[in-house]
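Here's the structure, in structure tokens; my notes come after.
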Amino acid sequence: MAELNSKIPEGPLAEKWTNYKANQKLVNPANKRKLDIIVIGTGLAGASAAASFGEMGFNVKVFCIQDSPRRAHSIAAQGGINAAKNYPNDGDSVYRLFYDTVKGGDYRAREANVYRLAEVSNNIIDQCVAQGIPFAREYSGLLANRSFGGAQVSRTFYAKGQTGQQLLLGAYGAMSKEIERGTVKMYARREMLDVVIVDGRARGVIVRNLVTGELERHAAHAVVIASGGYGRVFFLSTNAMSSNGSAAWHAYKRGAMMANPCFTQIHPTCIPVHGDYQSKLTLMSESLRNDGRIWVPKDEKKAALLREGKIKATDIPEEERDYYLERRYPAFGNLVPRDVASRAGKERCDAGYGVNNTGRAVYLDFKEAIQRLGRKAVEEKYGNLFEMYERIVDENPYVTPMMIYPAVHYTMGGLWVDYELQTTVKGLFAAGEANFSDHGANRLGASALMQGLSDGYFVLPYTMQNYLADQIGVPRFSTDLPEFEQAEKEVRERIEKILNVNGTETVDSIHKRLGHIMWEYVGMSRTKEGLEKAIGEIKKLRTEFWQNVKVPRLDGMNNELEKALRVADFLEMGELMARDALMRNESCGGHFRAEYQTPDGEAMRDDANYSFVAAYEFKGVDNEPVLHKEELKFENVEVKQRNYK
Amino acid sequence: MKFILRIWRQKNNTVKGKFVEYHLDNVPKEASFLEMLDILNEQLVMKGEDPVTFDHDCREGICGACGLYINGHPHGKFKNTTTCQLHMRKFADGATITVEPWRSAAFPIIKDLMVDRSSLDKLIQAGGYVSVRTGGVPDANAIPVNKHCADLSMDAASCIGCGACVATCKNGSAMLFVSAKVSQLALLPQGQVEARDRVQKMVARMDELGFGNCSNTFACEAECPKGISVTNIARMNRQFFAAKIAEPLKK
Amino acid sequence: MGNCKGLSSITKKLIMAITGGCLVFFLLFHGSMNIVAIISQEGYRWICEFLGANWYAIVGTIGLAAMVAIHFIYAFILSFQNYKARGNQRYAVVERQEGVSWASKNMLVIGLIVIIGLGLHLYNFWAKMQLVELQGEASADGIGLIINVFGNSCYSVMYLVWLAFLWFHLSHGIASVMQSIGWNSHVWKHRIEWLGKFFAIVIVAMFASVVLYYWLIY
């Protein structure tokens with residue numbers, strides 16, 4: 001495998017993207033009609049890319065696993081989307097958004113990519129407003145902004161607590177428009193199980209029709225994977241039930257490299273876990289930290305009483321509350337980045353100050369906000385979130401403080417891509433959460449929506465043309481090629497192998513056990529011993545899966561088989577994550593190695609030895625993957641210890 | 001908690017279905033309705049039986065994938081609640097719970113409790129968008145939008161496309177769904193440009209797809225998990241008449 | 001059903017709304033005439049004479065008949081289409097939806113009962129007044145007919161039951177007309193609902209008071 005070439009354009013940082021666009025190759029309209037593109041996933045990145053490709057005149061085939069493209073999990077993003085518009089006149093700029101994102105990512109992201117992201121962020125807002133997305137507005141009729149974790153300016157645009165929903169429906173609408181025009185063809189309830197490589201280029205996919213159970217072959221000149229992240233490797237996460245990493249994982253097994261797999265974001269404000277049967281965790285938007293204050297009791301004994309249910313949170317007087325984020329990080333207070341807030345919460349709970357019957361929760365209190373703004377204003381801002389909380393927990397957050405605890409939320413790692421979002425396999429692109437590109441070791445709030453839409457609306461349409469420009473002479477592919485034949489055969493064998501095990505343990509129960517291992521050893525705080533143990537246990541569990549999983553053999557629809565195929569991949573992915581975490585002997589962003597911390601418990605980076613992107617090359621399930629390093633050069637920001645104090 | 005579940009089982013759209021009764025013990029009261037079904041399915045798989053198929057995804061009430069007719073109500077009887085947000089503590093211990101799929105001609109059954117709602121996608125494809133292309137749009141603040149209109153637009157836009165309105169309507173009408181999209185866009189200057197075409201195209205598609213006619217029972221609003229208002233339907237009616245008179249679509 | 005194929009669902013609703021709305025206006029008119037029978041029997045006789053079988057009354061009657069016919073036919077067309085749209089399989093459990101009135105879900109049946117009552121009413125009054133006049137004979141005395149019919153307890157009870165059904169039909173119908181023609185908004189929603197109920201009460205009270213007055217007096 002060739003060395004990693006990130007293909008960053010020449011020139012000063014602020015001109016790179018402009019230079020790229022000025023010099024890229026184009027495809028003329030008559031030729032666009034002859035070129036096919038496959039897009040896997042219909043979230044923000046997938047739907048926006050598909051819509052844009054269709055508008056340009058390419059033939060697009062889009063696949064999603066749900067019944068409708070509008071169900072993609074981007075829909076669940078609550079808080080907002082960042083842009084460097086500087087409408088509030090508080091000193092924001094493209095450079096500052098770039099700087100905050102690089103710093104927030106703990107200096108483990110590629111400068112050029114992040115700068116481009118900040119640059120196009122403004123176009124995204126313009127585009128979304130033009131699409132009729134009902135963003136929140138001031139009485140003047142102009143757009144409203146709010147602040148969000150990790151930033152000192154208000155640059156977040158929002159639509160109630162449903163920003164992701166609105167942006168996704170905007171992209172879904174744009175794609176629907178192209179479906180109606182006939183440039184985009186939608187295939188719902190299909191799951192991609194393999195990518196087909198012909199002569200070193202991605203030329204198609206094998207998908208399973210989830211309704212009939214049949215395998216289908218689809219060919220194209222290029223394939224875009226926009227299938228989201230792999231947070232469900234932890235079983236419990238804020239991801240949707242069908243979110244999975246399989247599309248990316250099979251791309252990896254076909255030669256695309258996987259980058260920084262250990263960078264996982266643990267979101268600080270989720271509703272705490274309450275039982276074993278629980279299937280998923282619910283996120284409370286980070287925007288709550290704008291007005292909510294996080295605390296635990298100062299007195300350990302009081303915390304114990306709270307756990308036993310003998311006293312209530314409201315019984316603790318003001319002076320006995322430890323607002324630990326405000327205490328530790330006076331400059332950012334409750335608005336420190338997610339990784340910092342999560343770890344601080346875990347630290348308090350580990351020290352015995354946690355609340356809820358499990359001791360795994362802290363309070364998020366709106367008392368002060370209600371006094372300051374009035375209940376009505378609080379309701380207007382967060383009403384739907386409060387309702388959601390009350391429905392799940394059965395407590396009224398206007399009266400008693402909310403309880404929150406960190407939970408797995410987002411994976412910064414993903415398929416390695418160059419500046420053009422192309423993986424190490426030619427013609428195979430990755431967009432949105434599925435790639436590793438822009439967030440480094442930690443993602444800032446309201447940046448995921450920005451990245452998904454940036455990739456789909458404003459980056460891929462350019463870079464894809466650049467790739468397809470020399471493909472215009474390549475005729476459409478037949479799906480009868482031996483490469484398709486072979487790929488389908490392998491998928492069929494994989495399915496048969498799972499169905500033939502007929503053991504005694506359900507898929508979910510094995511998945512939960514994997515989740516426990518991951519959370520325990522590859523979660524918020526990692527150690528060398530723990531990670532080594534995790535690798536061993538995951539291997540054992542994987543063996544057990546292939547000997548003992550029970551999946552019914554059914555005609556047509558078979559949910560258990562779908563889950564089993566995904567869990568089989570998670571069992572391989574988890575190991576790679578642990579290996580990457582073990583390799584990275586430093587703490588940065590969402591990756592915290594207990595051995596590497598400052599005396600006051602902050603993450604300690606090792607820039608001399610680990611300022612690189614770790615990209616792994618697949619060498620067989622039971623063999624160690626080969627590590628490739630892409631050195632990160634910081635020419636436009638000063639690399640320093642992150643300081644939110 | 002203990003429950004007796006009467007669940008509609010149907011292998012596919014070509015065979016007849018029937019209710020099957022299951023007795024489920026030891027359900028934690030904090031479990032959500034779908035988690036309760038997960039527990040049932042675990043047991044069915046272990047017994048070598050076919051687990052119950054149902055649509056679900058985000059499990060936080062926003063994706064709109066889940067939708068079960070529980071004891072005579074879509075998403076159960078509680079207001080502003082999706083099936084995934086319905087918790088078992090809301091039911092009496094030992095209760096019998098009847099679970100059916102959405103029943104409407106426009107939503108054929110795929111298997112058990114899972115139905116095909118692609119007709120809702122087709123409605124949006126008919127015109128539920130602003131036809132702007134990527135890029136080349138004015139600055140986001142170039143056109144101010146009245147805050148009240150923006151707020152009303154947002155209320156209409158919170159539709160999650162679950163189909164409960166169609167499922168609960170005695171006429172199998174999709175008026176609430178269509179009017180929510182028509183209203184969202186009609187209330188914003190960006191959407192007004194093609195508002196007249198949009199409303200006519202979407203209504204025509206709705207009729208083509210075999211949805212029923214609205215008779216203003218307002219059951220849709222009563223059962224909508226997002227509380228979408230029927231005043232959106234009135235707005236759509238107004239828009240439709242105005243469009244038909246001023247700018248009828250060319251056939 | 002050929003003629004309605006080309007009409008969109010909303011247009012069909014509009015037809016129901018306009019015909020229904022016109023009938024409501026007629027009821028208001030008819031009711032206010034009836035009230036006169038309580039206030040002044042002379043006045044009532046004058047009204048009967050004034051309307052009689054004059055050309056304007058005949059045009060009005062034909063218009064009314066057309067309204068009723070169109071309303072009736074479209075009710076069946078729409079109900080049939082709606083029945084089909086519901087699919088083959090019905091829900092096993094049906095529970096009342098909170099805030100959804102019984103009347104709104106049973107308008108066809110209620111309407112049919114109203115139509116049957118209308119038949120009785122036409123037989124009792126119209127056939128003996130305008131119809132006979134059209135046939136060239138003298139109309140019966142209006143007040144005499146009222147006394148005759150409502151003096152009979154059997155008829156009075158039937159009329160009151162009929163009016164009760166009419167109330168149900170109107171209690172949904174009037175607000176529904178407003179909704180269908182698009183005169184509803186988040187500000188007016190509840191006001192329209194109450195206005196609909198209010199006018200339904202006013203109309204039915206006007207008719208019922210005549211029935212009760214003559215039943216109890218004679």
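Each chain in the structure tokens gets a letter, A, B and so on, in the order shown; residues start at 1 in every chain, and ligands are counted from 1 in the order they appear.
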Contact residues around Leu123 in chain B with only C-alpha atoms at 10 Å, ignoring same-chain residues under 5 positions, as a PyMOL selection string: (chain A and resi 176) or (chain B and resi 118+128+174+177-178+181+201-209)
Save the residues we just selected, N, CA and C atoms, as a PDB file, in the first residue's frame?
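Generated output (result.pdb):
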```pdb
ATOM      1  N   SER A 176     -35.414  14.678  -2.483  1.00  0.00           N
ATOM      2  CA  SER A 176     -36.724  14.300  -3.019  1.00  0.00           C
ATOM      3  C   SER A 176     -36.975  15.005  -4.345  1.00  0.00           C
TER       4      SER A 176
ATOM      5  N   SER B 118     -43.895   4.268   2.228  1.00  0.00           N
ATOM      6  CA  SER B 118     -43.191   5.020   1.187  1.00  0.00           C
ATOM      7  C   SER B 118     -44.110   6.017   0.495  1.00  0.00           C
ATOM      8  N   GLY B 128     -42.699  18.881  -1.793  1.00  0.00           N
ATOM      9  CA  GLY B 128     -42.501  19.302  -0.399  1.00  0.00           C
ATOM     10  C   GLY B 128     -41.122  19.858  -0.141  1.00  0.00           C
ATOM     11  N   ALA B 174     -54.354  11.907   4.395  1.00  0.00           N
ATOM     12  CA  ALA B 174     -53.007  12.384   4.731  1.00  0.00           C
ATOM     13  C   ALA B 174     -52.962  13.904   4.791  1.00  0.00           C
ATOM     14  N   PHE B 177     -50.452  15.573   7.288  1.00  0.00           N
ATOM     15  CA  PHE B 177     -49.065  15.424   6.854  1.00  0.00           C
ATOM     16  C   PHE B 177     -48.740  16.399   5.724  1.00  0.00           C
ATOM     17  N   VAL B 178     -49.597  16.411   4.704  1.00  0.00           N
ATOM     18  CA  VAL B 178     -49.338  17.274   3.550  1.00  0.00           C
ATOM     19  C   VAL B 178     -49.421  18.741   3.959  1.00  0.00           C
ATOM     20  N   LYS B 181     -46.345  20.262   5.681  1.00  0.00           N
ATOM     21  CA  LYS B 181     -45.242  20.647   4.790  1.00  0.00           C
ATOM     22  C   LYS B 181     -45.624  21.893   3.984  1.00  0.00           C
ATOM     23  N   LYS B 201     -49.604  20.456  -6.604  1.00  0.00           N
ATOM     24  CA  LYS B 201     -48.913  19.193  -6.918  1.00  0.00           C
ATOM     25  C   LYS B 201     -49.049  18.193  -5.782  1.00  0.00           C
ATOM     26  N   MET B 202     -48.881  18.678  -4.561  1.00  0.00           N
ATOM     27  CA  MET B 202     -48.923  17.743  -3.437  1.00  0.00           C
ATOM     28  C   MET B 202     -50.332  17.190  -3.235  1.00  0.00           C
ATOM     29  N   VAL B 203     -51.342  18.044  -3.426  1.00  0.00           N
ATOM     30  CA  VAL B 203     -52.718  17.556  -3.257  1.00  0.00           C
ATOM     31  C   VAL B 203     -53.046  16.545  -4.362  1.00  0.00           C
ATOM     32  N   ALA B 204     -52.598  16.838  -5.572  1.00  0.00           N
ATOM     33  CA  ALA B 204     -52.862  15.904  -6.670  1.00  0.00           C
ATOM     34  C   ALA B 204     -52.208  14.557  -6.391  1.00  0.00           C
ATOM     35  N   ARG B 205     -50.971  14.597  -5.876  1.00  0.00           N
ATOM     36  CA  ARG B 205     -50.271  13.339  -5.574  1.00  0.00           C
ATOM     37  C   ARG B 205     -50.987  12.581  -4.461  1.00  0.00           C
ATOM     38  N   MET B 206     -51.469  13.333  -3.507  1.00  0.00           N
ATOM     39  CA  MET B 206     -52.175  12.714  -2.379  1.00  0.00           C
ATOM     40  C   MET B 206     -53.405  11.950  -2.879  1.00  0.00           C
ATOM     41  N   ASP B 207     -54.132  12.570  -3.805  1.00  0.00           N
ATOM     42  CA  ASP B 207     -55.326  11.910  -4.342  1.00  0.00           C
ATOM     43  C   ASP B 207     -54.952  10.685  -5.164  1.00  0.00           C
ATOM     44  N   GLU B 208     -53.873  10.845  -5.941  1.00  0.00           N
ATOM     45  CA  GLU B 208     -53.408   9.732  -6.782  1.00  0.00           C
ATOM     46  C   GLU B 208     -53.043   8.505  -5.961  1.00  0.00           C
ATOM     47  N   LEU B 209     -52.422   8.756  -4.806  1.00  0.00           N
ATOM     48  CA  LEU B 209     -51.893   7.648  -4.017  1.00  0.00           C
ATOM     49  C   LEU B 209     -52.980   6.917  -3.239  1.00  0.00           C
TER      50      LEU B 209
END
```
DSSP helix (DSSP H, G or I) selection over range 25-154 of chain B, as number ranges by chain: B: 33-46, 83-85, 88-90, 118-125, 147-154
Length of the CA of His221 in chain A to CA of Gln125 in chain B vector [Å]: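 Separation between CA of His221 in chain A and CA of Gln125 in chain B: 26.0 Å.
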Residue hits in chain B, query chain C, radius 8 Å, only C-alpha atoms, as a PyMOL selection string: chain B and resi 71-73+98+100+103-106+170-173+203-204+207+210-219+222-223+229+231-238+240
What residues in chain B lie within 6 Å of chain A, counting only C-alpha atoms, written as a PDB file with C-alpha atoms, in the first residue's frame?
```pdb
ATOM      1  CA  ASP B  57     -34.791   3.456  15.080  1.00  0.00           C
ATOM      2  CA  CYS B  58     -33.818   6.514  17.101  1.00  0.00           C
ATOM      3  CA  CYS B  63     -37.061   9.806  13.581  1.00  0.00           C
ATOM      4  CA  GLN B 125     -41.351  14.195  -3.763  1.00  0.00           C
ATOM      5  CA  TYR B 129     -39.374  21.407  -0.827  1.00  0.00           C
ATOM      6  CA  VAL B 130     -38.045  24.695  -2.118  1.00  0.00           C
ATOM      7  CA  ASP B 139     -27.127  35.562   2.275  1.00  0.00           C
ATOM      8  CA  ALA B 140     -29.117  33.967   5.069  1.00  0.00           C
ATOM      9  CA  ASN B 141     -30.066  37.335   6.516  1.00  0.00           C
ATOM     10  CA  PRO B 144     -35.958  38.957   7.158  1.00  0.00           C
ATOM     11  CA  VAL B 145     -38.699  36.590   8.258  1.00  0.00           C
ATOM     12  CA  ASN B 146     -41.451  37.613  10.626  1.00  0.00           C
ATOM     13  CA  LYS B 147     -40.748  35.818  13.887  1.00  0.00           C
ATOM     14  CA  ALA B 150     -41.073  31.539  11.533  1.00  0.00           C
ATOM     15  CA  MET B 154     -41.338  25.575  12.876  1.00  0.00           C
ATOM     16  CA  LEU B 185     -42.970  26.462   3.409  1.00  0.00           C
ATOM     17  CA  GLN B 190     -38.345  31.416   0.672  1.00  0.00           C
ATOM     18  CA  GLY B 191     -41.180  28.960   0.208  1.00  0.00           C
TER      19      GLY B 191
END
```
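As for CA of Lys16 in chain A and CA of Leu428 in chain A, they are spaced 22.8 Å apart.
Near Gly144 in chain C, within 12 Å and counting only C-alpha atoms, sit Ala37, Gln41, Glu42, Tyr44, Arg45, Cys48, Asn124, Phe125, Lys128, Met129, Ser139, Ala140, Asp141, Ile147, Asn148, Val149, Phe150, Gly151, Tyr214 and Tyr218 of chain C, not including residues fewer than 3 positions from it in the same chain.
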Go ahead and write the selection's residues with N, CA and C atoms as a PDB file, in the first residue's frame.
```pdb
ATOM      1  N   ALA C  37     -94.291  32.314  14.443  1.00  0.00           N
ATOM      2  CA  ALA C  37     -95.516  31.583  14.788  1.00  0.00           C
ATOM      3  C   ALA C  37     -95.806  31.626  16.283  1.00  0.00           C
ATOM      4  N   GLN C  41     -99.480  34.824  15.328  1.00  0.00           N
ATOM      5  CA  GLN C  41    -100.023  33.870  14.357  1.00  0.00           C
ATOM      6  C   GLN C  41    -100.391  34.584  13.069  1.00  0.00           C
ATOM      7  N   GLU C  42    -100.841  35.846  13.209  1.00  0.00           N
ATOM      8  CA  GLU C  42    -101.172  36.638  12.026  1.00  0.00           C
ATOM      9  C   GLU C  42     -99.965  36.834  11.151  1.00  0.00           C
ATOM     10  N   TYR C  44     -97.368  35.082  11.023  1.00  0.00           N
ATOM     11  CA  TYR C  44     -96.934  33.830  10.402  1.00  0.00           C
ATOM     12  C   TYR C  44     -97.757  33.564   9.148  1.00  0.00           C
ATOM     13  N   ARG C  45     -99.077  33.803   9.264  1.00  0.00           N
ATOM     14  CA  ARG C  45     -99.947  33.586   8.100  1.00  0.00           C
ATOM     15  C   ARG C  45     -99.491  34.470   6.940  1.00  0.00           C
ATOM     16  N   CYS C  48     -96.476  33.012   5.268  1.00  0.00           N
ATOM     17  CA  CYS C  48     -96.845  31.865   4.431  1.00  0.00           C
ATOM     18  C   CYS C  48     -97.388  32.356   3.100  1.00  0.00           C
ATOM     19  N   ASN C 124     -95.564  16.458   6.004  1.00  0.00           N
ATOM     20  CA  ASN C 124     -96.438  17.164   6.936  1.00  0.00           C
ATOM     21  C   ASN C 124     -96.791  18.578   6.496  1.00  0.00           C
ATOM     22  N   PHE C 125     -95.794  19.275   5.965  1.00  0.00           N
ATOM     23  CA  PHE C 125     -96.013  20.695   5.689  1.00  0.00           C
ATOM     24  C   PHE C 125     -95.940  21.075   4.222  1.00  0.00           C
ATOM     25  N   LYS C 128     -98.497  20.066   1.792  1.00  0.00           N
ATOM     26  CA  LYS C 128     -99.813  20.646   1.990  1.00  0.00           C
ATOM     27  C   LYS C 128     -99.836  22.144   1.775  1.00  0.00           C
ATOM     28  N   MET C 129     -98.649  22.720   1.556  1.00  0.00           N
ATOM     29  CA  MET C 129     -98.592  24.169   1.362  1.00  0.00           C
ATOM     30  C   MET C 129     -98.136  24.513  -0.054  1.00  0.00           C
ATOM     31  N   SER C 139    -103.494  26.641  -0.646  1.00  0.00           N
ATOM     32  CA  SER C 139    -102.610  26.139   0.405  1.00  0.00           C
ATOM     33  C   SER C 139    -103.380  26.009   1.713  1.00  0.00           C
ATOM     34  N   ALA C 140    -102.969  25.002   2.502  1.00  0.00           N
ATOM     35  CA  ALA C 140    -103.583  24.873   3.821  1.00  0.00           C
ATOM     36  C   ALA C 140    -103.096  26.008   4.708  1.00  0.00           C
ATOM     37  N   ASP C 141    -103.811  26.276   5.744  1.00  0.00           N
ATOM     38  CA  ASP C 141    -103.416  27.333   6.669  1.00  0.00           C
ATOM     39  C   ASP C 141    -102.211  26.879   7.478  1.00  0.00           C
ATOM     40  N   ILE C 147    -100.657  23.448  14.391  1.00  0.00           N
ATOM     41  CA  ILE C 147    -101.451  22.973  15.525  1.00  0.00           C
ATOM     42  C   ILE C 147    -101.775  21.507  15.351  1.00  0.00           C
ATOM     43  N   ASN C 148    -102.117  21.155  14.143  1.00  0.00           N
ATOM     44  CA  ASN C 148    -102.468  19.799  13.808  1.00  0.00           C
ATOM     45  C   ASN C 148    -101.337  18.805  14.084  1.00  0.00           C
ATOM     46  N   VAL C 149    -100.166  19.167  13.555  1.00  0.00           N
ATOM     47  CA  VAL C 149     -99.033  18.235  13.664  1.00  0.00           C
ATOM     48  C   VAL C 149     -98.497  18.191  15.079  1.00  0.00           C
ATOM     49  N   PHE C 150     -98.206  19.366  15.651  1.00  0.00           N
ATOM     50  CA  PHE C 150     -97.549  19.354  16.959  1.00  0.00           C
ATOM     51  C   PHE C 150     -98.524  19.128  18.107  1.00  0.00           C
ATOM     52  N   GLY C 151     -99.777  19.235  17.810  1.00  0.00           N
ATOM     53  CA  GLY C 151    -100.748  18.852  18.817  1.00  0.00           C
ATOM     54  C   GLY C 151    -100.704  17.342  19.044  1.00  0.00           C
ATOM     55  N   TYR C 214     -96.340  24.698  20.650  1.00  0.00           N
ATOM     56  CA  TYR C 214     -97.640  24.230  20.174  1.00  0.00           C
ATOM     57  C   TYR C 214     -98.043  22.901  20.764  1.00  0.00           C
ATOM     58  N   TYR C 218    -101.436  23.163  22.770  1.00  0.00           N
ATOM     59  CA  TYR C 218    -102.624  22.533  22.200  1.00  0.00           C
ATOM     60  C   TYR C 218    -102.705  21.048  22.513  1.00  0.00           C
TER      61      TYR C 218
END
```
Distance query Ala30 in chain A at most 12 Å, only C-alpha atoms, self and fewer than 3 positions along chain excluded, as a PyMOL selection string: chain A and resi 26-27+33-35+56-59+472
Distance query range 356-365 of chain A at most 8 Å, only C-alpha atoms, self and fewer than 3 positions along chain excluded, as a count of residues only: 24
Two-atom distance - CA of Asp607 in chain A, CA of Lys7 in chain A (Å):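 Computing it gives 22.7 Å between the two atoms.
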Within 7 Å of Ile65 in chain A, counting only C-alpha atoms, which residues qualify if same-chain residues fewer than 3 places away don't, as a PDB file with C-alpha atoms, in the first residue's frame?
```pdb
ATOM      1  CA  ALA A 188     -34.824   2.155   0.973  1.00  0.00           C
ATOM      2  CA  ARG A 189     -34.595  -0.818   3.337  1.00  0.00           C
ATOM      3  CA  ARG A 190     -31.288  -1.912   1.806  1.00  0.00           C
ATOM      4  CA  GLU A 191     -28.139  -2.566   3.782  1.00  0.00           C
TER       5      GLU A 191
END
```
Skip Ile39 in chain B itself and residues of its chain fewer than 3 positions away, then list as a PDB file with C-alpha atoms, in the first residue's frame all residues within 8 Å of it, counting only C-alpha atoms.
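Listing of out33.pdb after writing:
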```pdb
ATOM      1  CA  TYR A 277     -32.686  -4.278  29.520  1.00  0.00           C
TER       2      TYR A 277
ATOM      3  CA  VAL B  27     -40.926  -6.342  32.753  1.00  0.00           C
ATOM      4  CA  GLU B  35     -37.783  -2.345  25.169  1.00  0.00           C
ATOM      5  CA  MET B  36     -40.650  -4.473  26.409  1.00  0.00           C
ATOM      6  CA  GLU B  42     -35.309 -12.284  23.101  1.00  0.00           C
ATOM      7  CA  GLN B  43     -37.582 -14.940  24.557  1.00  0.00           C
TER       8      GLN B  43
END
```
Counting only C-alpha atoms, the residue of B:Met114, B:Leu86, B:Val99, B:Leu34 that sits nearest Lys11 in chain B: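 Using only C-alpha atoms, the shortest distance to Lys11 in chain B belongs to B:Met114.
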Backbone-only DSSP, strand (DSSP E) members of range 6-208 of chain B, as a count of residues only: 25
